[in-house]
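Here is the structure we will look at.
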Amino acid sequence: MSMFRHFISYYKPHRRLFAADMICAFIVAVCDLFYPMIAKNMMNDYVPNRNLRLLIVWGVVLLLIYLVKAGLNWFIQYYGHVVGVRMQADMRRDVFKRLQKLPFSFFDEHKSGSIMSRVVNDLMDITELAHHGPEDLFISTISLVGCFIILCTINIPLTLIIFAFIPLMIWFSVYIRKEMNAAFLRTRQEMAEINANLENSISGIRVSRSYVSGSHEAEKFKGYNDRFQKARGESYRVMAKFFSTTGFFTDFMYLVVLVAGGLFFFYGKINVGDFTAYLLYVNMFLNPVRKLINIFEQLQNGMTGFQRFEELMSQQEEQESPDAKELKDVKGSIDFDHVSFQYETTKDEDARHMVIRDLSMHIDPGKTVALVGPSGGGKTTLCHLIPRFYEVTEGKISIDGQDITTLTRDSLRQNIGMVAQDVFLFTGTIKENIAYGNLDASDEEIMEAAKKANIHDYIMTLPDGYDTYVGERGVKLSGGQKQRISIARVFLKDPSILILDEATSALDNATEMLIQQSLEELAKGRTSIIVAHRLSTIKNADEIIVITDEGIKERGSHEELLALNGIYAGLYQYQFRQ
């Protein structure tokens, strides 16, 4: 019931247009009731009594009714669908806003293609349901009530015989609705899997081509496609069962009218004009019955899509403390106080893996601290905890003495700049991607940031300069060029705290040297945390901290750690030999 109320709430912003659509639908339903009555009078009165004037007058009246009906139908078809499209757009807007506020753990557990399917495909049928659902239900109800009243004025016993079949049709529709709902929901889920697989395959097209694994990808897609085909076939099987049975009911009712009406006429209980009008009204009565039957398909298509929309909307957003305050005038001191963290991989508590355990450390403002150590020690995870991409399991992290859980996420993240190994560029131009650091920045500020990142001169050699299209995820640029654009983005943001997570590890030595200069320039005057495997890039750090899966094992300057002749010295000597 709450889902239904939520669906109805989307009519509210468009209630005037929707009300106009319903008024037009009401008038159309009333117009349809005139034809059989006029036909009855013509056959019983105007034609037998040769009343040509009334025959022409009511013929003209009927023509005018049809002209009005045509205009109203145009309004219903156009503006009724407009209401549906606007509601669909409102739902997509709301679900996109919700996605922007969901925790990172949600995206860890759900495929991108599946999420896209919910936002795009699952809401496609909302337009038809939002428009035709209430309209068809309203028109059908008016037609049924009107036909019942008029049929009773013609012949009550015959009318009661026909309407005795209505409860049976309603019972069957309710009975099969659950089966249809399950079948349609399964179809939605399989379509989401197809979209997820397709998005994944297209994103990794270069990998699959390089490994000549096109046949493997095709086989995977075939599996998803076959499951969708089976689920879709099952939904059509249930739908065929529904429509064939309800179709038989309506045909049988028409047969009852012909046989019972013929007997009534045979025994003089009804005259030829009334019988003709009765047949016309019964046909008009069966049309809304068929419409109500068709509503079930729209209802299943639309509401199963809306149900999956509701599942997304019910996801818990990132929680903000009620009295959270803004982080201002940041100096940049960072404290980790007995911090532990574990990812929730399943609902089973025993399956959770502790990534960071009881870690404590202090970073002075404006200092550069490097985190090194074997893979799996939690260095990247540590960096993700500072801007609260994930919440610590135990302990706390403070910036300038303030627990980060007491700060607003926006103000916290606004003061932190991140440059990662895997650079993400949005589809668009170079200027748009740099401007992501400050969407209000002027062209001059964007160019200045590019100069600091040593990418301006290269951009100016391009035919379209800063308006050069970078392709999806920056595919038209080299790794070094993408990295420098991401650095320019952070220069433009001008944060107080800088996090460099393997920012140069995927680059060649020459490119690394160029970008290292940009990174050193970027780190000036900021508290910087650097995660690096190439130890040559962090020799000048104020402090180097060696982290393993057992926590902090060593810390000190480059020279101090070499003199200690421990883990760091071993790693450095190994890389030097290499």
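Here, A, B, ... name the chains of the structure tokens in the order displayed, residue numbers run from 1 inside each chain, and ligands are numbered from 1 in the same displayed order.
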(request) Could you give me, as a ChimeraX atom specification, the residues within 8 Å of region 475-492 of chain A, counting only C-alpha atoms and dropping anything in the same chain fewer than 6 positions from it? (result) /A:417-419,421,423,425,430,433-438,441,445-446,449-455,503,506-507,511-512,515,518-519,522
Skip Cys24 (chain A) itself and residues of its chain fewer than 2 positions away, then list as a short mmCIF file (atom, residue, chain, number, x, y, z; two decimals) with N, CA and C atoms, in the first residue's frame all residues within 8 Å of it, counting only C-alpha atoms.
```cif
data_model
loop_
_atom_site.label_atom_id
_atom_site.label_comp_id
_atom_site.auth_asym_id
_atom_site.auth_seq_id
_atom_site.Cartn_x
_atom_site.Cartn_y
_atom_site.Cartn_z
N ALA A 20 -7.26 17.84 -15.91
CA ALA A 20 -7.82 18.17 -17.22
C ALA A 20 -7.96 16.92 -18.08
N ASP A 21 -6.96 16.04 -18.01
CA ASP A 21 -7.01 14.79 -18.77
C ASP A 21 -8.18 13.92 -18.30
N MET A 22 -8.40 13.85 -16.99
CA MET A 22 -9.50 13.04 -16.46
C MET A 22 -10.86 13.64 -16.82
N PHE A 26 -13.70 11.80 -18.91
CA PHE A 26 -15.09 11.69 -18.43
C PHE A 26 -16.08 12.10 -19.51
N ILE A 27 -15.79 13.21 -20.18
CA ILE A 27 -16.69 13.69 -21.24
C ILE A 27 -16.75 12.70 -22.39
N VAL A 28 -15.57 12.12 -22.75
CA VAL A 28 -15.53 11.12 -23.81
C VAL A 28 -16.39 9.91 -23.44
N LEU A 72 -11.23 15.99 -27.86
CA LEU A 72 -10.90 15.54 -26.51
C LEU A 72 -9.92 14.36 -26.55
N ASN A 73 -10.11 13.45 -27.50
CA ASN A 73 -9.19 12.32 -27.64
C ASN A 73 -7.77 12.78 -27.99
N PHE A 75 -6.45 15.64 -27.04
CA PHE A 75 -5.91 16.17 -25.79
C PHE A 75 -5.48 15.02 -24.86
N ILE A 76 -6.33 13.99 -24.77
CA ILE A 76 -6.03 12.85 -23.89
C ILE A 76 -4.77 12.14 -24.35
#
```
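Shortest atom-to-atom contact with Glu193 (chain A) among A:Tyr35, A:Tyr79, A:Phe96, A:Phe228: A:Phe228, counting only C-alpha atoms.
Considering only C-alpha atoms, the residue among A:Thr393, A:Ser244, A:Asn271, A:Thr527 positioned nearest to Asp542 (chain A) is A:Thr527.
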(request) Could you give me, as a ChimeraX atom specification, the residues within 10 Å of Glu326 (chain A), counting only C-alpha atoms and dropping anything in the same chain fewer than 6 positions from it? (result) /A:406-412
Atoms kept (C-alpha atoms) for selection, written as a CSV table (one decimal), in the first residue's frame:
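out_33.csv, freshly written:
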```csv
chain,number,residue,atom,x,y,z
A,406,THR,CA,31.0,15.2,13.4
A,407,LEU,CA,31.7,17.1,10.2
A,408,THR,CA,29.5,17.4,7.1
A,409,ARG,CA,30.7,15.1,4.3
A,410,ASP,CA,30.7,17.9,1.7
A,411,SER,CA,32.9,20.2,3.7
A,412,LEU,CA,35.3,17.3,4.6
```
